[in-house]
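File shown: data.cif. Contents: mmCIF, C-alpha atoms.
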```
data_protein
loop_
_atom_site.label_atom_id
_atom_site.label_comp_id
_atom_site.auth_asym_id
_atom_site.auth_seq_id
_atom_site.Cartn_x
_atom_site.Cartn_y
_atom_site.Cartn_z
CA MET C 640 0.00 0.00 0.00
CA GLY C 641 3.06 2.27 -0.21
CA LYS C 642 3.03 5.58 1.63
CA LEU C 643 -0.74 5.80 2.07
CA SER C 644 -2.02 7.47 5.22
CA PHE C 645 -4.03 5.34 7.64
CA ALA C 646 -7.23 7.04 6.40
CA GLU C 647 -6.43 6.10 2.79
CA LYS C 648 -5.66 2.50 3.77
CA LEU C 649 -8.97 2.32 5.59
CA LYS C 650 -10.78 3.62 2.53
CA ALA C 651 -9.11 0.96 0.38
CA LEU C 652 -9.90 -1.67 2.99
CA PHE C 653 -13.62 -0.84 3.03
CA GLY C 654 -13.80 -0.56 -0.76
CA GLY C 655 -16.32 -3.30 -1.43
CA LYS C 656 -14.59 -5.85 0.78
CA LYS C 657 -16.59 -8.53 2.52
CA VAL C 658 -16.53 -8.05 6.30
CA ASP C 659 -15.05 -11.36 7.38
CA ASP C 660 -12.01 -12.63 9.30
CA ALA C 661 -9.67 -11.55 6.49
CA PHE C 662 -11.12 -8.02 6.65
CA PHE C 663 -10.40 -7.78 10.40
CA ASP C 664 -6.88 -9.17 9.87
CA ASP C 665 -6.22 -6.45 7.31
CA LEU C 666 -7.69 -3.84 9.65
CA THR C 667 -5.30 -5.00 12.42
CA ASP C 668 -2.35 -4.64 10.02
CA ALA C 669 -3.50 -1.14 9.04
CA LEU C 670 -3.84 -0.11 12.70
CA VAL C 671 -0.35 -1.43 13.47
CA GLU C 672 1.04 0.52 10.51
CA GLY C 673 -0.91 3.57 11.73
CA ASP C 674 1.31 3.47 14.86
CA LEU C 675 -1.20 2.13 17.35
CA GLY C 676 1.16 -0.69 18.25
CA ALA C 677 0.44 -4.43 17.95
CA LYS C 678 -1.11 -4.86 21.41
CA THR C 679 -3.58 -1.97 21.04
CA ALA C 680 -4.38 -2.87 17.42
CA PHE C 681 -5.19 -6.52 18.21
CA GLN C 682 -7.33 -5.55 21.20
CA LEU C 683 -9.27 -2.96 19.21
CA THR C 684 -9.93 -5.26 16.29
CA GLU C 685 -10.99 -8.10 18.55
CA ASP C 686 -13.45 -5.85 20.41
CA LEU C 687 -14.73 -4.38 17.15
CA GLN C 688 -15.30 -7.83 15.65
CA GLU C 689 -17.28 -8.84 18.72
CA ILE C 690 -19.45 -5.69 18.57
CA CYS C 691 -20.10 -6.19 14.85
CA ALA C 692 -21.19 -9.78 15.49
CA GLN C 693 -23.47 -8.77 18.40
CA LYS C 694 -25.08 -5.87 16.51
CA HIS C 695 -25.07 -7.67 13.11
CA LEU C 696 -23.10 -4.84 11.49
CA SER C 697 -21.76 -5.31 7.98
CA ASP C 698 -22.17 -1.80 6.57
CA GLU C 699 -18.99 0.30 6.14
CA ALA C 700 -20.51 3.42 7.76
CA ASP C 701 -21.66 1.47 10.84
CA ILE C 702 -18.31 -0.30 11.31
CA ARG C 703 -16.42 2.96 10.83
CA ALA C 704 -18.67 4.68 13.40
CA GLU C 705 -17.96 1.92 15.95
CA LEU C 706 -14.21 2.14 15.32
CA LYS C 707 -14.36 5.93 15.67
CA ALA C 708 -16.18 5.67 19.02
CA MET C 709 -13.63 3.14 20.29
CA LEU C 710 -10.66 5.27 19.26
CA ARG C 711 -12.18 8.40 20.80
CA GLY C 712 -12.49 6.50 24.05
CA LEU C 713 -8.73 5.89 24.08
CA THR C 714 -7.59 9.49 24.05
CA LYS C 715 -8.56 12.60 25.96
CA SER C 716 -7.56 16.23 26.07
CA VAL C 717 -6.62 18.43 29.01
CA GLU C 718 -6.76 22.21 29.17
CA LEU C 719 -3.74 23.89 30.74
CA ALA C 720 -4.43 27.34 32.15
CA PRO C 721 -1.85 28.77 34.60
CA PRO C 722 -3.81 30.83 37.17
CA PRO C 723 -2.90 34.54 37.32
CA GLY C 724 -0.95 35.73 40.35
CA LYS C 725 0.50 32.26 41.01
CA VAL C 726 3.86 30.65 40.34
CA SER C 727 3.30 27.81 37.87
CA VAL C 728 6.04 25.51 36.62
CA TYR C 729 5.62 23.35 33.52
CA MET C 730 8.57 20.99 33.06
CA LEU C 731 9.08 19.89 29.45
CA LEU C 732 10.33 16.33 29.15
CA GLY C 733 11.39 14.32 26.12
CA VAL C 734 14.32 12.83 24.28
CA ASN C 735 16.66 14.98 22.21
CA GLY C 736 15.40 15.60 18.70
CA VAL C 737 11.64 15.69 19.33
CA GLY C 738 11.49 19.49 19.14
CA LYS C 739 11.38 20.19 22.88
CA THR C 740 13.15 23.59 22.82
CA THR C 741 11.02 24.83 19.90
CA THR C 742 7.91 23.56 21.73
CA ALA C 743 8.96 25.55 24.83
CA ALA C 744 9.09 28.67 22.63
CA LYS C 745 5.69 27.93 21.04
CA LEU C 746 4.10 27.37 24.45
CA ALA C 747 5.72 30.57 25.72
CA ARG C 748 4.08 32.46 22.85
CA HIS C 749 0.73 30.74 23.52
CA PHE C 750 0.66 31.44 27.28
CA ALA C 751 2.16 34.96 27.03
CA ARG C 752 -1.14 36.08 25.48
CA THR C 753 -2.83 35.72 28.86
CA GLY C 754 -0.07 36.14 31.47
CA ASN C 755 3.59 36.43 32.39
CA VAL C 756 5.95 33.74 31.11
CA ILE C 757 9.59 32.94 31.91
CA LEU C 758 11.66 30.39 30.00
CA ALA C 759 14.15 28.32 32.03
CA ALA C 760 17.12 26.82 30.15
CA ALA C 761 17.41 23.69 32.30
CA ASP C 762 19.15 21.64 29.62
CA THR C 763 22.62 22.79 30.64
CA PHE C 764 24.50 19.96 28.91
CA ARG C 765 23.47 19.87 25.26
CA ALA C 766 25.72 22.11 23.19
CA ALA C 767 23.88 25.30 22.24
CA ALA C 768 20.62 24.37 24.05
CA GLU C 769 20.73 27.57 26.15
CA GLU C 770 21.69 29.72 23.14
CA GLN C 771 18.79 28.25 21.18
CA LEU C 772 16.32 29.08 23.95
CA GLU C 773 17.78 32.58 24.38
CA MET C 774 17.39 33.20 20.65
CA HIS C 775 13.70 32.22 20.90
CA GLY C 776 13.29 34.39 24.01
CA ALA C 777 14.80 37.41 22.25
CA ARG C 778 12.51 36.95 19.24
CA LEU C 779 9.43 36.58 21.42
CA GLY C 780 10.36 39.26 23.96
CA ILE C 781 10.24 36.70 26.77
CA ARG C 782 12.77 36.51 29.59
CA VAL C 783 15.08 33.47 29.66
CA VAL C 784 16.78 32.37 32.88
CA SER C 785 19.98 30.42 32.18
CA HIS C 786 23.21 29.47 33.94
CA GLN C 787 26.56 28.58 32.49
CA HIS C 788 27.05 25.42 30.45
CA GLY C 789 27.27 22.27 32.60
CA SER C 790 25.78 23.83 35.76
CA ASP C 791 23.07 22.20 37.89
CA PRO C 792 19.77 22.27 35.92
CA SER C 793 17.62 22.30 39.09
CA SER C 794 19.25 25.58 40.17
CA VAL C 795 18.08 27.16 36.89
CA VAL C 796 14.49 26.14 37.70
CA PHE C 797 14.94 27.39 41.28
CA ASP C 798 16.05 30.85 40.05
CA ALA C 799 13.36 31.02 37.36
CA ALA C 800 10.66 30.26 39.96
CA ASP C 801 12.07 33.01 42.22
CA ALA C 802 11.92 35.42 39.26
CA ALA C 803 8.29 34.36 38.69
CA ARG C 804 7.50 35.03 42.36
CA ALA C 805 9.15 38.47 42.14
CA LYS C 806 6.89 39.30 39.17
CA GLY C 807 3.83 38.63 41.34
CA GLY C 808 3.27 35.32 39.59
CA ALA C 809 4.25 33.83 36.23
CA LEU C 810 4.49 30.58 34.33
CA VAL C 811 7.96 29.01 34.20
CA LEU C 812 8.47 26.79 31.15
CA ALA C 813 11.52 24.63 31.85
CA ASP C 814 13.36 23.02 28.93
CA THR C 815 15.17 19.90 30.20
CA ALA C 816 17.74 17.42 28.88
CA GLY C 817 16.78 14.24 27.05
CA ARG C 818 19.89 12.10 26.82
CA LEU C 819 18.31 8.63 26.91
CA HIS C 820 21.60 6.86 26.16
CA ASN C 821 22.69 8.01 29.61
CA LYS C 822 19.40 7.03 31.21
CA ASP C 823 20.35 6.64 34.90
CA ASN C 824 22.04 10.06 35.05
CA LEU C 825 19.13 11.63 33.18
CA VAL C 826 16.56 10.10 35.53
CA ARG C 827 18.44 11.33 38.63
CA GLU C 828 18.74 14.81 37.12
CA LEU C 829 15.02 14.97 36.28
CA GLN C 830 14.04 13.71 39.74
CA LYS C 831 16.09 16.51 41.30
CA ILE C 832 14.43 19.14 39.07
CA ASP C 833 11.09 17.53 39.91
CA ARG C 834 11.67 17.98 43.67
CA ILE C 835 12.68 21.63 43.25
CA ALA C 836 9.80 22.46 40.88
CA ARG C 837 7.27 20.82 43.19
CA LYS C 838 8.51 22.94 46.12
CA LYS C 839 8.69 26.22 44.21
CA ALA C 840 5.36 26.09 42.34
CA ASP C 841 2.11 27.07 44.05
CA GLU C 842 -0.37 24.35 44.98
CA GLY C 843 -1.72 22.58 41.89
CA CYS C 844 0.39 24.72 39.54
CA TYR C 845 3.10 22.21 38.63
CA LYS C 846 2.78 20.06 35.49
CA LYS C 847 5.10 17.70 33.64
CA LEU C 848 4.60 17.75 29.88
CA LEU C 849 6.12 15.07 27.69
CA VAL C 850 7.01 16.16 24.17
CA ILE C 851 6.78 13.30 21.65
CA ASP C 852 7.30 13.21 17.90
CA ALA C 853 4.06 12.07 16.23
CA THR C 854 6.02 10.32 13.47
CA THR C 855 8.08 7.99 15.70
CA GLY C 856 5.37 5.45 16.52
CA GLN C 857 6.22 2.83 19.10
CA ASN C 858 9.46 4.61 20.05
CA ALA C 859 7.25 7.36 21.47
CA VAL C 860 5.38 4.78 23.57
CA ARG C 861 8.69 3.50 25.00
CA GLN C 862 9.83 7.06 25.71
CA THR C 863 6.56 7.73 27.55
CA GLU C 864 7.20 4.68 29.70
CA VAL C 865 10.71 5.88 30.67
CA PHE C 866 9.68 9.42 31.63
CA HIS C 867 6.43 8.35 33.28
CA GLU C 868 8.31 5.90 35.50
CA ALA C 869 11.01 8.49 36.30
CA VAL C 870 8.87 11.49 37.33
CA GLY C 871 5.27 10.92 36.17
CA VAL C 872 3.79 12.65 33.13
CA ASP C 873 0.68 14.86 33.37
CA ALA C 874 0.12 15.53 29.67
CA VAL C 875 1.61 15.00 26.23
CA VAL C 876 2.50 17.52 23.53
CA LEU C 877 2.61 15.98 20.03
CA THR C 878 5.11 17.54 17.62
CA LYS C 879 5.65 17.14 13.87
CA TYR C 880 2.00 16.26 13.37
CA ASP C 881 0.08 16.77 10.18
CA SER C 882 -3.12 15.04 9.18
CA THR C 883 -1.30 12.82 6.66
CA ALA C 884 0.98 11.47 9.40
CA LYS C 885 0.13 8.11 10.90
CA GLY C 886 -0.96 9.75 14.14
CA GLY C 887 -1.93 6.60 16.03
CA VAL C 888 0.60 7.24 18.77
CA ALA C 889 -1.85 9.46 20.70
CA PHE C 890 -4.25 6.52 20.97
CA ALA C 891 -1.47 4.11 21.98
CA VAL C 892 -0.22 6.43 24.75
CA GLY C 893 -3.80 7.02 25.92
CA LYS C 894 -4.55 3.31 26.11
CA GLU C 895 -1.23 2.27 27.71
CA PHE C 896 -0.84 5.07 30.26
CA GLY C 897 -4.11 7.03 30.39
CA ILE C 898 -2.17 10.26 29.83
CA PRO C 899 -4.12 13.07 28.11
CA VAL C 900 -2.80 15.18 25.22
CA ALA C 901 -2.61 18.94 25.80
CA PHE C 902 -1.29 20.33 22.51
CA VAL C 903 -0.55 19.35 18.93
CA SER C 904 2.26 21.10 17.08
CA THR C 905 1.85 21.24 13.32
CA GLY C 906 4.69 23.30 11.84
CA GLU C 907 7.80 25.42 12.37
CA GLY C 908 6.21 28.78 13.22
CA TYR C 909 5.60 30.00 16.79
CA ASP C 910 1.84 29.92 16.21
CA ASP C 911 1.83 26.39 14.77
CA ILE C 912 0.53 24.82 17.96
CA ARG C 913 -3.05 24.23 19.06
CA PRO C 914 -4.90 22.66 21.97
CA PHE C 915 -5.60 19.00 21.31
CA ASP C 916 -9.13 18.11 20.19
CA PRO C 917 -9.76 14.32 20.38
CA VAL C 918 -12.81 14.52 18.09
CA SER C 919 -11.12 16.26 15.14
CA TYR C 920 -7.93 14.23 15.73
CA THR C 921 -9.85 10.95 15.45
CA ASP C 922 -11.76 12.24 12.41
CA GLU C 923 -8.48 13.17 10.68
CA PHE C 924 -6.95 9.80 11.57
CA LEU C 925 -9.90 7.87 10.13
CA GLY C 926 -10.42 10.27 7.21
#
```
As a first step, turn the structure in this file into structure tokens.
Amino acid sequence: MGKLSFAEKLKALFGGKKVDDAFFDDLTDALVEGDLGAKTAFQLTEDLQEICAQKHLSDEADIRAELKAMLRGLTKSVELAPPPGKVSVYMLLGVNGVGKTTTAAKLARHFARTGNVILAAADTFRAAAEEQLEMHGARLGIRVVSHQHGSDPSSVVFDAADAARAKGGALVLADTAGRLHNKDNLVRELQKIDRIARKKADEGCYKKLLVIDATTGQNAVRQTEVFHEAVGVDAVVLTKYDSTAKGGVAFAVGKEFGIPVAFVSTGEGYDDIRPFDPVSYTDEFLG
């Protein structure tokens, strides 16, 4: 089926095919290729086959509607709204290369429309990470708190939270390291930042956002597992998403971990980010 999107594969699958065991096998394959992962895909297809048998469904529209309802049940959205006059800290997690620093800048732009924002350059080890964040801060007119290369990342978050307090409340967006090849060190570092952020943020104003690349499929599920075990993840931000992408990773993460999606990032510009809408996301996925 070449480089067809999941929606196109589904269309081809339904195109006059008899709804039998072979149809459901092909549907499972399409779901796996759509990045839902084997476990989730098999479970979904099995449940769908059972429902179709119980309700005597053989019509494409009816089967599609059932599949849509099942997928919608796997993923949910969450609205993030830092309360004014409070110190909020959102720690951005994720492996290197998923677009975490750019996402920090996009979120800074998004939240600066309604309140004060401070960027914290808490990835003090990756070459040029701080410079990259400072460049974004300068373009957006948003303050960046950074320390010298190689310094303690938790102290950057500590200082940024103090700066937020001095402003009479602000949102601190902390960009963190993502060196998974050095997992034990990374986990210890994130746990230390986690302790500091929890102490410095006001009650209920601390969130951990995992940035995952929508095109990386099951790798993203494994990354979620690592970060969720290390510090706990409150919400996901999907990057590099467009409606032709496979996109099934949001459903896989929802099913495996029950973590909601907060934002979807769709391009390179600062405004190319939007709150996640499970209904339109599922519609786009199914076509």
Q: Run through the PyMOL selection byres ((chain C and resi 703-705) around 10) on the given coordinates and return the selected residues as a list in words.
A: Leu649, Phe653, Leu687, Ile690, Cys691, Leu696, Asp698, Glu699, Ala700, Asp701, Ile702, Leu706, Lys707, Ala708, Met709, Leu710, Arg711 and Leu925 of chain C
Q: Run the PyMOL selection byres ((chain C and resi 811-816) around 9) on the file and write out the hits as an MDAnalysis selection string.
A: chainID C and resid 726:735 739:740 743:744 746:747 755:765 768 772 792 795:796 799:800 803 809:810 817:818 825 828:829 832
Q) With distances taken over all atoms listed in the file, which of C:Thr741, C:Thr679, C:Thr753, C:Ser793 is nearest to Met774 (chain C)? A)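 The shortest atom-to-atom distance to Met774 (chain C) comes from C:Thr741.
Evaluated against this file, the PyMOL selection byres ((chain C and resi 910) around 9) yields Lys745, Leu746, Arg748, His749, Ser904, Gly906, Glu907, Gly908, Tyr909, Asp911, Ile912 and Arg913 of chain C.
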Expected file contents, prior selection, C-alpha atoms, as an mmCIF file, keeping the file's coordinate frame:
```cif
data_model
loop_
_atom_site.group_PDB
_atom_site.id
_atom_site.type_symbol
_atom_site.label_atom_id
_atom_site.label_comp_id
_atom_site.auth_asym_id
_atom_site.auth_seq_id
_atom_site.Cartn_x
_atom_site.Cartn_y
_atom_site.Cartn_z
ATOM 1 C CA LYS C 745 5.690 27.930 21.040
ATOM 2 C CA LEU C 746 4.100 27.370 24.450
ATOM 3 C CA ARG C 748 4.080 32.460 22.850
ATOM 4 C CA HIS C 749 0.730 30.740 23.520
ATOM 5 C CA SER C 904 2.260 21.100 17.080
ATOM 6 C CA GLY C 906 4.690 23.300 11.840
ATOM 7 C CA GLU C 907 7.800 25.420 12.370
ATOM 8 C CA GLY C 908 6.210 28.780 13.220
ATOM 9 C CA TYR C 909 5.600 30.000 16.790
ATOM 10 C CA ASP C 911 1.830 26.390 14.770
ATOM 11 C CA ILE C 912 0.530 24.820 17.960
ATOM 12 C CA ARG C 913 -3.050 24.230 19.060
#
```
Q: Just give me the gap between CA of Cys844 (chain C) and CA of Gly886 (chain C) in Å, one decimal is fine.
A: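 These atoms are spaced 29.5 Å apart.
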Box dimensions and centre (Å, one decimal) enclosing region 907-918 of chain C, axis-aligned, 6 Å extra per side, as JSON:
```
{"center_x": -2.5, "center_y": 22.2, "center_z": 17.2, "size_x": 32.6, "size_y": 27.7, "size_z": 21.6}
```
(Q) With distances taken over only C-alpha atoms, which residue among C:Ala669, C:Ile851, C:Ala680, C:Ala889 lies nearest Val737 (chain C)? (A)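 Of the candidates, the smallest distance to Val737 (chain C) is held by C:Ile851.
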Q) Distance CA of Ala646 (chain C)-CA of Ser919 (chain C), one decimal place? A)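 Between CA of Ala646 (chain C) and CA of Ser919 (chain C) the gap works out to 13.3 Å.
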Mind listing whatever residues come within 7 Å of the point (-6.7, 23.0, 25.8)? Use all atoms listed in the file, file coordinates, and give them as a PDB file with C-alpha atoms, keeping the file's coordinate frame.
```
ATOM      1  CA  SER C 716      -7.560  16.230  26.070  1.00  0.00           C
ATOM      2  CA  VAL C 717      -6.620  18.430  29.010  1.00  0.00           C
ATOM      3  CA  GLU C 718      -6.760  22.210  29.170  1.00  0.00           C
ATOM      4  CA  LEU C 719      -3.740  23.890  30.740  1.00  0.00           C
ATOM      5  CA  ALA C 901      -2.610  18.940  25.800  1.00  0.00           C
ATOM      6  CA  PHE C 902      -1.290  20.330  22.510  1.00  0.00           C
ATOM      7  CA  PRO C 914      -4.900  22.660  21.970  1.00  0.00           C
ATOM      8  CA  PHE C 915      -5.600  19.000  21.310  1.00  0.00           C
TER       9      PHE C 915
END
```
Q: Identify which of the residues C:Ser794, C:Gln830, C:Thr855, C:Thr921 lies closest to Ala869 (chain C), counting only C-alpha atoms when measuring atom-to-atom distances.
A: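 Among C:Ser794, C:Gln830, C:Thr855, C:Thr921, it is C:Gln830 that comes nearest to Ala869 (chain C).
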